[in-house]
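Peer 1: If it helps, the file is called protein38.txt and holds compact mmCIF, C-alpha atoms and all ligand atoms:
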# COMPACT_ATOMS: atom_id res chain seq x y z
CA MET R 1 0.00 0.00 0.00
CA ALA R 2 2.96 2.32 0.67
CA GLY R 3 3.19 5.20 -1.77
CA ASP R 4 0.05 4.14 -3.58
CA LYS R 5 -3.15 5.92 -2.70
CA ASN R 6 -5.53 3.63 -4.61
CA PHE R 7 -6.54 0.66 -2.48
CA VAL R 8 -9.41 -1.12 -0.76
CA LEU R 9 -9.91 -2.18 2.86
CA LYS R 10 -12.37 -4.96 3.60
CA GLY R 11 -13.84 -5.27 7.08
CA ASN R 12 -16.53 -4.11 9.48
CA ILE R 13 -16.91 -0.43 8.70
CA CYS R 14 -18.31 2.21 11.12
CA TYR R 15 -18.59 5.93 10.40
CA SER R 16 -20.83 8.90 11.06
CA GLU R 17 -22.91 10.64 8.42
CA ASP R 18 -23.90 13.33 10.92
CA ALA R 19 -24.30 13.63 14.70
CA LYS R 20 -27.32 11.30 14.77
CA ASN R 21 -26.56 8.78 12.05
CA LEU R 22 -23.93 6.12 12.50
CA LYS R 23 -23.45 3.87 9.46
CA LEU R 24 -22.49 0.27 10.07
CA VAL R 25 -21.48 -1.99 7.19
CA GLU R 26 -20.43 -5.54 8.02
CA ALA R 27 -17.88 -7.17 5.73
CA GLY R 28 -17.93 -4.03 3.61
CA TRP R 29 -15.49 -2.59 1.09
CA LEU R 30 -13.93 0.80 1.79
CA VAL R 31 -12.29 2.36 -1.24
CA CYS R 32 -9.42 4.87 -1.19
CA ARG R 33 -8.94 6.65 -4.51
CA GLU R 34 -6.01 9.06 -4.72
CA GLY R 35 -6.06 9.61 -0.97
CA LEU R 36 -9.78 10.32 -0.82
CA CYS R 37 -12.63 8.09 0.21
CA ALA R 38 -14.54 6.86 -2.85
CA GLY R 39 -17.24 5.26 -0.72
CA VAL R 40 -18.27 2.24 1.33
CA PHE R 41 -19.83 -0.66 -0.57
CA GLU R 42 -21.50 -3.96 0.23
CA THR R 43 -20.03 -5.44 -2.94
CA LEU R 44 -16.95 -4.01 -4.60
CA PRO R 45 -17.83 -2.02 -7.75
CA GLU R 46 -16.21 -3.26 -10.94
CA GLU R 47 -14.27 -0.02 -11.47
CA TYR R 48 -12.15 -0.75 -8.36
CA ALA R 49 -11.52 -4.41 -9.17
CA SER R 50 -7.88 -3.68 -10.00
CA TYR R 51 -7.15 -1.94 -6.67
CA PRO R 52 -5.13 -3.96 -4.13
CA VAL R 53 -7.34 -5.23 -1.29
CA THR R 54 -6.29 -5.53 2.36
CA ASP R 55 -8.63 -8.01 4.00
CA CYS R 56 -8.99 -6.91 7.63
CA GLY R 57 -11.04 -10.02 8.42
CA ASP R 58 -13.34 -9.52 11.38
CA GLN R 59 -11.62 -6.29 12.49
CA ILE R 60 -13.39 -2.93 12.77
CA ILE R 61 -12.54 -0.03 10.48
CA THR R 62 -13.35 3.54 11.56
CA PRO R 63 -12.26 7.02 10.51
CA GLY R 64 -9.19 8.37 12.31
CA LEU R 65 -9.88 10.36 15.47
CA VAL R 66 -9.39 14.10 15.86
CA ASP R 67 -7.93 15.80 18.95
CA LEU R 68 -8.89 19.47 18.75
CA HIS R 69 -6.93 20.44 21.86
CA VAL R 70 -3.76 19.01 23.35
CA HIS R 71 -0.68 20.53 25.04
CA ALA R 72 2.45 18.69 23.90
CA PRO R 73 4.72 20.03 26.70
CA GLN R 74 2.25 18.87 29.33
CA TYR R 75 2.45 15.23 28.22
CA ALA R 76 5.37 14.76 30.60
CA PHE R 77 3.24 15.36 33.71
CA ARG R 78 0.02 13.67 32.60
CA GLY R 79 -1.64 11.88 35.47
CA LEU R 80 0.09 14.04 38.06
CA GLY R 81 -1.11 16.90 40.26
CA MET R 82 -4.83 16.67 39.63
CA ASP R 83 -5.86 18.10 43.00
CA LEU R 84 -5.98 21.78 42.00
CA GLU R 85 -8.31 24.05 40.04
CA LEU R 86 -7.23 25.72 36.82
CA LEU R 87 -5.37 28.86 37.93
CA ASP R 88 -3.51 27.17 40.80
CA TRP R 89 -2.82 24.16 38.60
CA LEU R 90 -1.27 26.41 35.95
CA ASN R 91 0.97 28.17 38.46
CA THR R 92 1.95 25.10 40.46
CA ASN R 93 2.30 22.39 37.83
CA THR R 94 2.01 23.67 34.31
CA PHE R 95 4.17 26.78 34.09
CA PRO R 96 7.19 25.21 35.82
CA GLU R 97 6.99 22.23 33.44
CA GLU R 98 6.56 24.38 30.33
CA SER R 99 9.58 26.51 31.30
CA LYS R 100 11.78 23.41 30.87
CA TYR R 101 11.34 23.62 27.08
CA ARG R 102 13.88 26.43 26.99
CA ASP R 103 16.32 23.52 27.22
CA LEU R 104 16.39 21.80 23.83
CA GLU R 105 17.83 18.59 25.21
CA TYR R 106 14.88 18.28 27.55
CA ALA R 107 12.49 19.22 24.75
CA LYS R 108 13.96 16.53 22.51
CA ARG R 109 13.41 13.82 25.10
CA ALA R 110 9.95 14.97 26.17
CA TYR R 111 8.60 15.78 22.71
CA GLY R 112 10.05 12.49 21.42
CA ILE R 113 7.85 10.64 23.91
CA PHE R 114 4.83 12.76 22.96
CA ALA R 115 5.32 12.23 19.22
CA ASP R 116 5.75 8.45 19.65
CA SER R 117 2.56 8.28 21.70
CA MET R 118 0.59 10.33 19.20
CA ARG R 119 1.83 8.13 16.38
CA SER R 120 0.62 4.91 18.01
CA SER R 121 -2.65 6.46 19.23
CA ALA R 122 -5.97 6.48 17.38
CA THR R 123 -5.49 10.16 16.56
CA THR R 124 -4.89 11.08 12.93
CA ARG R 125 -5.33 14.88 13.25
CA ALA R 126 -4.57 17.20 16.15
CA CYS R 127 -4.37 20.87 17.12
CA ILE R 128 -1.43 21.23 19.45
CA PHE R 129 -0.15 23.87 21.86
CA ALA R 130 3.64 24.04 22.23
CA THR R 131 5.26 26.64 24.56
CA ILE R 132 6.55 30.19 24.14
CA HIS R 133 9.93 28.83 22.98
CA ASN R 134 10.63 29.06 19.24
CA GLN R 135 13.31 26.43 18.99
CA ALA R 136 11.46 23.80 20.96
CA THR R 137 8.31 24.51 18.96
CA GLU R 138 10.23 23.95 15.72
CA LEU R 139 11.59 20.71 17.14
CA LEU R 140 8.06 19.59 17.97
CA MET R 141 6.99 20.41 14.41
CA ASP R 142 9.90 18.34 13.02
CA LEU R 143 8.97 15.38 15.22
CA MET R 144 5.26 15.56 14.42
CA GLU R 145 6.02 15.87 10.69
CA GLU R 146 7.74 12.50 10.89
CA THR R 147 4.77 10.77 12.50
CA GLY R 148 2.70 11.33 9.34
CA LEU R 149 -0.21 12.70 11.37
CA LYS R 150 -1.75 15.93 10.08
CA THR R 151 -1.38 18.53 12.79
CA MET R 152 -1.62 22.23 13.50
CA ILE R 153 0.97 23.39 16.03
CA GLY R 154 1.23 26.74 17.78
CA LYS R 155 4.04 28.59 19.46
CA VAL R 156 2.28 29.98 22.56
CA ASN R 157 2.05 33.73 23.28
CA MET R 158 2.04 35.04 26.86
CA ASP R 159 3.25 38.49 27.90
CA ARG R 160 1.46 39.17 31.18
CA ASN R 161 0.33 37.53 34.44
CA SER R 162 2.84 34.76 33.90
CA PRO R 163 5.81 33.87 36.08
CA GLU R 164 8.99 35.68 35.10
CA TYR R 165 10.54 32.39 33.90
CA LEU R 166 7.68 31.84 31.40
CA CYS R 167 6.74 35.37 30.36
CA GLU R 168 7.73 36.98 27.10
CA GLU R 169 9.55 40.27 27.52
CA SER R 170 6.96 42.49 25.81
CA ALA R 171 4.17 42.45 23.24
CA GLU R 172 6.74 43.46 20.58
CA GLN R 173 9.03 40.61 21.51
CA SER R 174 6.22 38.07 21.57
CA ALA R 175 4.90 39.19 18.17
CA ALA R 176 8.40 39.38 16.67
CA ASP R 177 9.21 35.86 17.89
CA THR R 178 5.95 34.65 16.38
CA VAL R 179 6.83 36.14 13.01
CA LYS R 180 10.31 34.64 13.20
CA TRP R 181 8.83 31.25 14.03
CA LEU R 182 6.46 31.52 11.06
CA GLU R 183 9.24 32.57 8.69
CA ASP R 184 11.64 29.90 9.93
CA THR R 185 9.10 27.13 9.46
CA ALA R 186 7.42 28.34 6.25
CA ASP R 187 7.21 25.65 3.53
CA GLN R 188 9.14 23.17 5.66
CA TYR R 189 6.41 20.65 6.22
CA GLU R 190 3.90 18.55 4.40
CA ASN R 191 1.91 17.47 7.46
CA VAL R 192 2.27 20.34 9.92
CA ARG R 193 0.66 23.77 9.72
CA PRO R 194 1.13 26.70 12.11
CA ILE R 195 -1.75 27.93 14.23
CA LEU R 196 -1.76 31.21 16.17
CA THR R 197 -1.89 30.44 19.90
CA PRO R 198 -2.49 33.26 22.38
CA ARG R 199 -2.66 31.14 25.58
CA PHE R 200 -5.78 32.86 26.97
CA ILE R 201 -6.90 36.41 27.68
CA PRO R 202 -5.29 36.61 31.16
CA SER R 203 -1.82 35.95 29.71
CA CYS R 204 -2.00 38.32 26.70
CA THR R 205 -1.99 42.14 26.82
CA ASP R 206 -4.28 44.14 24.55
CA GLU R 207 -1.21 45.32 22.68
CA LEU R 208 -0.13 41.75 22.04
CA MET R 209 -3.61 40.78 20.86
CA ARG R 210 -3.61 43.70 18.40
CA LYS R 211 -0.24 42.63 17.06
CA LEU R 212 -1.33 39.01 16.80
CA LYS R 213 -4.31 40.06 14.73
CA GLU R 214 -1.89 41.70 12.29
CA VAL R 215 0.14 38.50 12.16
CA GLN R 216 -3.02 36.45 11.72
CA LYS R 217 -4.08 38.56 8.74
CA LYS R 218 -0.68 38.66 7.10
CA TYR R 219 -0.17 34.88 7.28
CA ASP R 220 -3.85 33.91 7.08
CA LEU R 221 -3.61 31.73 10.17
CA PRO R 222 -6.17 29.79 12.17
CA VAL R 223 -6.33 30.51 15.90
CA GLN R 224 -6.61 28.38 19.04
CA SER R 225 -7.09 29.44 22.64
CA HIS R 226 -9.08 28.77 25.83
CA LEU R 227 -12.53 30.09 26.74
CA SER R 228 -14.88 30.07 29.76
CA GLU R 229 -13.25 27.09 31.42
CA ASN R 230 -13.37 28.03 35.10
CA GLN R 231 -15.27 30.54 37.27
CA GLY R 232 -12.15 32.20 38.70
CA GLU R 233 -10.75 32.58 35.20
CA ILE R 234 -13.99 34.09 33.86
CA ALA R 235 -14.16 36.63 36.72
CA TRP R 236 -10.52 37.54 36.12
CA VAL R 237 -11.14 38.18 32.41
CA GLN R 238 -14.03 40.48 33.34
CA GLU R 239 -11.64 42.45 35.60
CA LEU R 240 -8.93 42.59 32.96
CA CYS R 241 -11.34 43.56 30.17
CA PRO R 242 -14.11 45.57 31.85
CA GLU R 243 -15.49 46.67 28.47
CA SER R 244 -16.02 43.13 27.21
CA ARG R 245 -19.62 41.91 27.34
CA PHE R 246 -18.48 38.33 27.96
CA TYR R 247 -15.23 36.36 27.75
CA GLY R 248 -15.52 35.54 24.05
CA ASP R 249 -16.11 39.23 23.34
CA ALA R 250 -12.59 39.91 24.69
CA TYR R 251 -11.22 37.83 21.76
CA ASP R 252 -13.75 39.25 19.35
CA GLN R 253 -12.67 42.83 20.06
CA PHE R 254 -9.37 41.95 18.43
CA GLY R 255 -10.86 40.04 15.49
CA LEU R 256 -9.74 36.69 16.85
CA PHE R 257 -13.07 34.93 17.26
CA GLY R 258 -14.18 33.07 14.16
CA GLY R 259 -15.76 34.52 11.05
CA ASP R 260 -12.93 34.65 8.48
CA VAL R 261 -10.56 33.35 11.15
CA LYS R 262 -10.82 29.60 11.71
CA THR R 263 -10.93 29.44 15.50
CA ILE R 264 -10.90 26.73 18.16
CA MET R 265 -11.83 27.63 21.72
CA ALA R 266 -11.13 24.92 24.28
CA HIS R 267 -13.63 24.12 27.05
CA CYS R 268 -16.58 26.57 26.90
CA VAL R 269 -17.86 25.03 30.13
CA SER R 270 -19.65 28.15 31.36
CA SER R 271 -20.38 30.12 28.20
CA THR R 272 -23.33 32.50 28.45
CA GLU R 273 -26.18 32.51 25.95
CA GLU R 274 -24.69 35.55 24.24
CA GLU R 275 -21.29 33.90 23.99
CA ILE R 276 -22.82 30.72 22.56
CA GLU R 277 -24.78 32.76 20.03
CA LEU R 278 -21.63 34.55 18.86
CA MET R 279 -19.77 31.24 18.57
CA ARG R 280 -22.56 29.87 16.42
CA GLU R 281 -22.72 32.97 14.25
CA ARG R 282 -18.95 32.99 13.73
CA GLY R 283 -18.45 29.25 13.28
CA VAL R 284 -16.10 29.07 16.27
CA TYR R 285 -15.20 25.47 17.16
CA VAL R 286 -15.65 24.29 20.72
CA ALA R 287 -13.02 21.76 21.79
CA HIS R 288 -14.90 19.80 24.42
CA CYS R 289 -12.42 18.32 26.90
CA PRO R 290 -14.49 16.27 29.34
CA GLU R 291 -11.69 14.58 31.26
CA SER R 292 -9.80 17.81 31.82
CA ASN R 293 -12.97 19.54 32.96
CA THR R 294 -13.43 16.73 35.49
CA ASN R 295 -9.83 16.66 36.74
CA LEU R 296 -9.63 20.43 37.22
CA SER R 297 -13.16 20.55 38.72
CA SER R 298 -14.16 22.99 35.98
CA GLY R 299 -17.63 21.56 35.41
CA VAL R 300 -19.41 20.06 32.39
CA ALA R 301 -19.81 21.90 29.09
CA PRO R 302 -23.36 21.95 27.66
CA VAL R 303 -22.52 19.92 24.56
CA ARG R 304 -26.17 19.04 23.97
CA THR R 305 -26.86 22.78 23.63
CA TYR R 306 -23.94 23.17 21.23
CA LEU R 307 -25.18 20.32 19.03
CA ASP R 308 -28.80 21.54 19.10
CA LYS R 309 -27.84 25.10 18.23
CA GLY R 310 -25.46 24.09 15.46
CA VAL R 311 -22.27 25.28 17.16
CA ASN R 312 -19.21 23.45 15.77
CA VAL R 313 -17.93 21.03 18.39
CA GLY R 314 -15.30 18.31 18.59
CA LEU R 315 -13.30 16.59 21.31
CA GLY R 316 -9.97 17.44 22.92
CA SER R 317 -7.80 15.38 25.24
CA ASP R 318 -6.34 18.58 26.77
CA VAL R 319 -3.40 16.63 28.14
CA ALA R 320 -2.32 17.28 30.89
CA GLY R 321 -5.64 18.61 32.20
CA GLY R 322 -6.68 15.31 30.66
CA SER R 323 -4.49 12.36 31.59
CA LYS R 324 -4.67 10.40 28.33
CA GLU R 325 -4.26 11.23 24.66
CA SER R 326 -6.93 8.70 23.64
CA ILE R 327 -9.91 10.24 21.90
CA PHE R 328 -11.83 6.95 22.32
CA TYR R 329 -11.42 7.61 26.03
CA ALA R 330 -12.60 11.20 25.50
CA MET R 331 -15.74 9.84 23.77
CA ALA R 332 -16.55 7.69 26.79
CA HIS R 333 -15.90 10.62 29.10
CA ALA R 334 -18.11 12.91 27.02
CA VAL R 335 -21.03 10.49 27.46
CA GLN R 336 -20.33 10.02 31.18
CA VAL R 337 -20.08 13.70 32.12
CA SER R 338 -23.17 14.53 30.03
CA LYS R 339 -25.10 12.10 32.26
CA LEU R 340 -23.87 13.80 35.42
CA ARG R 341 -24.80 17.19 33.97
CA TRP R 342 -28.26 15.90 33.11
CA ARG R 343 -28.76 14.31 36.53
CA LEU R 344 -27.24 17.05 38.68
CA GLN R 345 -27.41 20.30 36.77
CA ASP R 346 -30.02 20.49 34.02
CA THR R 347 -32.56 17.75 33.32
CA SER R 348 -33.68 19.53 30.16
CA LEU R 349 -30.42 18.64 28.40
CA LYS R 350 -30.42 14.94 27.52
CA PRO R 351 -27.15 13.03 27.87
CA LEU R 352 -25.06 12.33 24.76
CA THR R 353 -25.48 9.03 22.96
CA VAL R 354 -22.59 6.85 21.82
CA GLU R 355 -23.37 7.85 18.23
CA GLU R 356 -23.03 11.51 19.15
CA ALA R 357 -19.78 10.99 21.06
CA PHE R 358 -18.34 9.02 18.11
CA TYR R 359 -19.38 11.82 15.77
CA LEU R 360 -17.71 14.44 18.00
CA GLY R 361 -14.40 12.54 17.99
CA THR R 362 -14.42 12.00 14.22
CA MET R 363 -16.50 14.30 11.99
CA GLY R 364 -17.24 16.96 14.60
CA GLY R 365 -13.59 17.90 15.10
CA GLY R 366 -12.58 16.65 11.65
CA SER R 367 -14.38 19.42 9.81
CA PHE R 368 -11.86 21.90 11.25
CA PHE R 369 -9.39 20.22 8.86
CA GLY R 370 -11.75 20.19 5.87
CA LYS R 371 -13.59 17.08 4.66
CA VAL R 372 -12.23 14.88 7.41
CA GLY R 373 -13.68 12.37 9.86
CA SER R 374 -16.09 10.30 7.77
CA PHE R 375 -16.06 7.70 5.00
CA MET R 376 -18.58 9.52 2.86
CA GLU R 377 -17.42 10.12 -0.69
CA GLY R 378 -14.79 12.82 -1.06
CA TYR R 379 -13.54 12.74 2.53
CA GLU R 380 -9.79 12.55 3.09
CA PHE R 381 -8.91 8.94 3.74
CA ASP R 382 -8.04 8.73 7.45
CA ALA R 383 -8.74 5.25 8.81
CA LEU R 384 -8.08 2.96 11.76
CA ILE R 385 -8.01 -0.83 11.76
CA LEU R 386 -9.12 -2.05 15.18
CA ASP R 387 -8.80 -5.53 16.64
CA ASP R 388 -11.21 -6.23 19.50
CA SER R 389 -10.76 -10.01 19.44
CA ASP R 390 -9.07 -10.10 22.85
CA ILE R 391 -11.79 -8.00 24.50
CA ARG R 392 -13.60 -11.25 25.13
CA HIS R 393 -17.34 -11.82 25.34
CA PRO R 394 -19.23 -15.13 25.78
CA GLN R 395 -21.70 -14.39 22.95
CA PRO R 396 -21.54 -12.81 19.53
CA LEU R 397 -22.10 -9.04 19.57
CA SER R 398 -23.52 -6.74 16.94
CA LEU R 399 -21.14 -4.35 15.20
CA LYS R 400 -22.71 -1.41 17.04
CA GLU R 401 -22.13 -3.18 20.38
CA ARG R 402 -18.55 -3.96 19.41
CA LEU R 403 -17.90 -0.30 18.58
CA GLU R 404 -19.44 0.88 21.84
CA ARG R 405 -17.35 -1.58 23.81
CA PHE R 406 -14.25 -0.58 21.88
CA ILE R 407 -14.78 3.05 22.89
CA TYR R 408 -14.87 2.10 26.57
CA LEU R 409 -12.46 -0.82 26.75
CA SER R 410 -9.73 -0.45 24.13
CA ASP R 411 -6.22 0.95 24.33
CA GLU R 412 -3.58 1.62 21.69
CA ARG R 413 -2.57 -2.05 21.59
CA HIS R 414 -5.85 -2.74 19.82
CA ILE R 415 -5.04 -0.36 16.98
CA LYS R 416 -3.56 -2.53 14.26
CA GLY R 417 -3.44 -0.05 11.42
CA LYS R 418 -3.60 3.69 10.88
CA ILE R 419 -3.90 5.57 7.60
CA VAL R 420 -3.77 9.37 7.21
CA ALA R 421 -4.85 11.00 3.94
CA GLY R 422 -4.27 7.71 2.16
CA ASN R 423 -0.78 7.16 3.67
CA ARG R 424 -0.25 4.10 5.81
CA ILE R 425 1.32 5.13 9.15
CA PHE R 426 1.47 1.53 10.44
N1 LIG U 1 -5.95 27.93 30.23
C1 LIG U 1 -4.78 28.55 29.98
N2 LIG U 1 -3.78 27.67 29.83
C2 LIG U 1 -4.31 26.47 30.01
C3 LIG U 1 -3.78 25.15 29.97
O1 LIG U 1 -2.59 24.91 29.76
N3 LIG U 1 -4.67 24.14 30.19
C4 LIG U 1 -5.98 24.36 30.43
N4 LIG U 1 -6.77 23.32 30.62
N5 LIG U 1 -6.50 25.58 30.46
C5 LIG U 1 -5.68 26.62 30.27
FE FE U 2 -5.83 23.49 27.33
The structure in this file should be written as structure tokens.
Peer 2:
Amino acid sequence: MAGDKNFVLKGNICYSEDAKNLKLVEAGWLVCREGLCAGVFETLPEEYASYPVTDCGDQIITPGLVDLHVHAPQYAFRGLGMDLELLDWLNTNTFPEESKYRDLEYAKRAYGIFADSMRSSATTRACIFATIHNQATELLMDLMEETGLKTMIGKVNMDRNSPEYLCEESAEQSAADTVKWLEDTADQYENVRPILTPRFIPSCTDELMRKLKEVQKKYDLPVQSHLSENQGEIAWVQELCPESRFYGDAYDQFGLFGGDVKTIMAHCVSSTEEEIELMRERGVYVAHCPESNTNLSSGVAPVRTYLDKGVNVGLGSDVAGGSKESIFYAMAHAVQVSKLRWRLQDTSLKPLTVEEAFYLGTMGGGSFFGKVGSFMEGYEFDALILDDSDIRHPQPLSLKERLERFIYLSDERHIKGKIVAGNRIF
């Protein structure tokens, strides 16, 4: 299959057509034509008879998963220090760890581990925060390029309210370093794209935000940041930006909130009605990070509302707020926390179904990358080959049941094949 983007996979195929409709085709034929999905068929059409076929037997084939929000430098302390809320967690655990990426030797070791884990995970596309450090960010881009995953990676901007060891000197310096990073990495990669990454409003001065808007326009960049994650954070933003009507408005004032600017906002746990309406209007993507929101006691985002209102939403692992990079795990978490929200907070918002969680982790986030996250015709061919044969059960299960169980019970050892845009990763 290597180097050739015309081929067929045969197996038990599962993919979303939209948030409600999960398609299941047993012993089906999935055709890749020039790196794009040509369709899923019950019998192989004559026109593809010459394509090489990989028979996946009884294995499950799904689209690759999409992580809309992950912090590469935080991978090193995943699973540690979960007893704090956001702002204390940042100061106590996160900022000291991120400052280590000034040291390229450390960055090489830590980012090497991150890149290896991402490669063997179910993730085929990801939007990644690096740190403020240019050189380490470039190193991360080099390492991610080699994995074959399609990623967007951002050098982080922070010029205020940050410890001296992790604070850029000035807005000018931060913007100038960003431009240098963009120039140094331009046209270097096939799989990696830059994404503008102001950390969040509390760590970026107005002057920096204005400068970043200029950079965004000049280089036509997408943007990623954090929004309405935690009550203390939201109150702080209101103090810092007294003119803003709500947190998202503080980004919008600088032209960094959707519209022409492809934008991901992580969390949106406590977004107001006005904020949600602006996100919908502007096509802002919500990166829903259920495990992180649990670990940092942030709360539960109203994903049902986002789906009902037509706000773009996908899943994020948010390592190291989240402990694991697995987006299957994030799907299970999304269902679980939606049940707690329904039971404890708002009985009018029904919990998510497995179909909806699967959609969020594939098509929901995938659309940020274009036609990604489904096997409908014309989608980029990102696929996983999954072996659940050792997740034993005394009776035969339906394909839908096998997929549901896989979401809850699998780990990366069950992922036997991964294809990104028609290229076989393993
Ligand atoms: N808000 C600002 N920075 C961060 C971060 O690193 N993680 C999370 N979860 N929220 C943030
Ligand atoms: Fe985050």
Peer 1: With a cut-off of 8 Å, could you pull out the residues of region 55-164 of chain R touching region 278-296 of chain R and give me the nearest pair of atoms for each, distance in Å to one decimal, using only C-alpha atoms, ordered by chain and ascending number, as CSV?
Peer 2:
residue,atom,partner,partner_atom,distance
R:Leu68,CA,R:Ala287,CA,5.6
R:His69,CA,R:Ala287,CA,6.2
R:Met82,CA,R:Asn295,CA,5.8
R:Asp83,CA,R:Leu296,CA,7.3
R:Leu84,CA,R:Leu296,CA,6.2
R:Glu85,CA,R:Leu296,CA,4.8
R:Leu86,CA,R:Leu296,CA,5.8
R:Trp89,CA,R:Leu296,CA,7.9
Peer 1: Distance limit 7 Å, reference ligand FE 2 (chain U), atoms considered: all atoms listed in the file. Which residues make the cut? Give them as a list of chain:residue names.
Peer 2: R:His69, R:Val70, R:His71, R:His226, R:Ala266, R:Asp318, R:Gly321
Peer 1: Neighbouring residues of Tyr75 (chain R) were defined as those with any atom within 10 Å, considering all atoms listed in the file; residues of the same chain fewer than 3 positions away were excluded. Please report them as a ChimeraX atom specification.
Peer 2: /R:70-72,78-79,97,110-111,113-115,117,318-325
Peer 1: CA of Val261 (chain R) and CA of Phe129 (chain R) are how many Å apart?
Peer 2: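 Separating CA of Val261 (chain R) from CA of Phe129 (chain R) is a distance of 17.7 Å.
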Peer 1: To one decimal in Å, tell me the separation between CA of Val337 (chain R) and CA of Val372 (chain R).
Peer 2: 26.0 Å
Peer 1: So, counting only C-alpha atoms and all ligand atoms, which residue among R:Leu9, R:Cys268, R:Ile153, R:Cys56 is closest to ligand LIG 1 (chain U)?
Peer 2: R:Cys268
Peer 1: Would you compute the distance between CA of Ala250 (chain R) and CA of Leu315 (chain R)? Give it in Å to one decimal.
Peer 2: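 CA of Ala250 (chain R) sits 23.6 Å away from CA of Leu315 (chain R).
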Peer 1: Taking all listed atoms of ligand LIG 1 (chain U), build the axis-aligned box, pad each of the six sides by 5 Å, then write its centre and edge lengths in Å to one decimal as lines of an AutoDock Vina configuration file.
Peer 2:
center_x = -4.7
center_y = 25.9
center_z = 30.2
size_x = 14.2
size_y = 15.2
size_z = 10.9
Peer 1: Using all atoms listed in the file, which protein or nucleic acid residues come within 7 Å of region 29-36 of chain R? Drop anything in the same chain fewer than 5 positions from it, and give the result as a PyMOL selection string.
Peer 2: chain R and resi 5-11+41-44+378-381+421-422
Peer 1: What's the 12 Å shell around Lys155 (chain R), counting all atoms listed in the file, without same-chain residues fewer than 5 positions away, as a compact mmCIF listing (two decimals) with C-alpha atoms, in the coordinates of the input?
Peer 2:
# COMPACT_ATOMS: atom_id res chain seq x y z
CA HIS R 71 -0.68 20.53 25.04
CA ALA R 72 2.45 18.69 23.90
CA PRO R 73 4.72 20.03 26.70
CA GLU R 98 6.56 24.38 30.33
CA TYR R 101 11.34 23.62 27.08
CA CYS R 127 -4.37 20.87 17.12
CA ILE R 128 -1.43 21.23 19.45
CA PHE R 129 -0.15 23.87 21.86
CA ALA R 130 3.64 24.04 22.23
CA THR R 131 5.26 26.64 24.56
CA ILE R 132 6.55 30.19 24.14
CA HIS R 133 9.93 28.83 22.98
CA ASN R 134 10.63 29.06 19.24
CA GLN R 135 13.31 26.43 18.99
CA ALA R 136 11.46 23.80 20.96
CA THR R 137 8.31 24.51 18.96
CA GLU R 138 10.23 23.95 15.72
CA LEU R 139 11.59 20.71 17.14
CA LEU R 140 8.06 19.59 17.97
CA MET R 141 6.99 20.41 14.41
CA GLU R 168 7.73 36.98 27.10
CA SER R 174 6.22 38.07 21.57
CA ALA R 175 4.90 39.19 18.17
CA ALA R 176 8.40 39.38 16.67
CA ASP R 177 9.21 35.86 17.89
CA THR R 178 5.95 34.65 16.38
CA VAL R 179 6.83 36.14 13.01
CA LYS R 180 10.31 34.64 13.20
CA TRP R 181 8.83 31.25 14.03
CA LEU R 182 6.46 31.52 11.06
CA THR R 185 9.10 27.13 9.46
CA ARG R 193 0.66 23.77 9.72
CA PRO R 194 1.13 26.70 12.11
CA ILE R 195 -1.75 27.93 14.23
CA LEU R 196 -1.76 31.21 16.17
CA THR R 197 -1.89 30.44 19.90
CA PRO R 198 -2.49 33.26 22.38
CA ARG R 199 -2.66 31.14 25.58
CA VAL R 223 -6.33 30.51 15.90
CA GLN R 224 -6.61 28.38 19.04
CA SER R 225 -7.09 29.44 22.64
Peer 1: Counting only C-alpha atoms and all ligand atoms, which residue out of R:Lys218, R:Lys20, R:His267, R:Arg102 sits closest to ligand LIG 1 (chain U)?
Peer 2: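 Using only C-alpha atoms and all ligand atoms, ligand LIG 1 (chain U) sits closest to R:His267.
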Peer 1: Just the residues within 8 Å of region 416-420 of chain R, please, counting all atoms listed in the file, with nothing from its chain fewer than 6 positions along; format it as a list in words.
Peer 2: Gly64, Ala122, Thr124, Gly148, Leu149, Lys150, Glu380, Phe381, Asp382, Ala383, Leu384, Ile385, Leu386, Asp387 and Phe426 of chain R
Peer 1: I'd like the neighbourhood of Lys309 (chain R) as a list in words, where a residue qualifies if any of its atoms comes within 10 Å (using all atoms listed in the file), though same-chain residues fewer than 6 positions away should be ignored.
Peer 2: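 Within the cut-off, the hits are Ile276, Glu277, Arg280 and Val303 of chain R.
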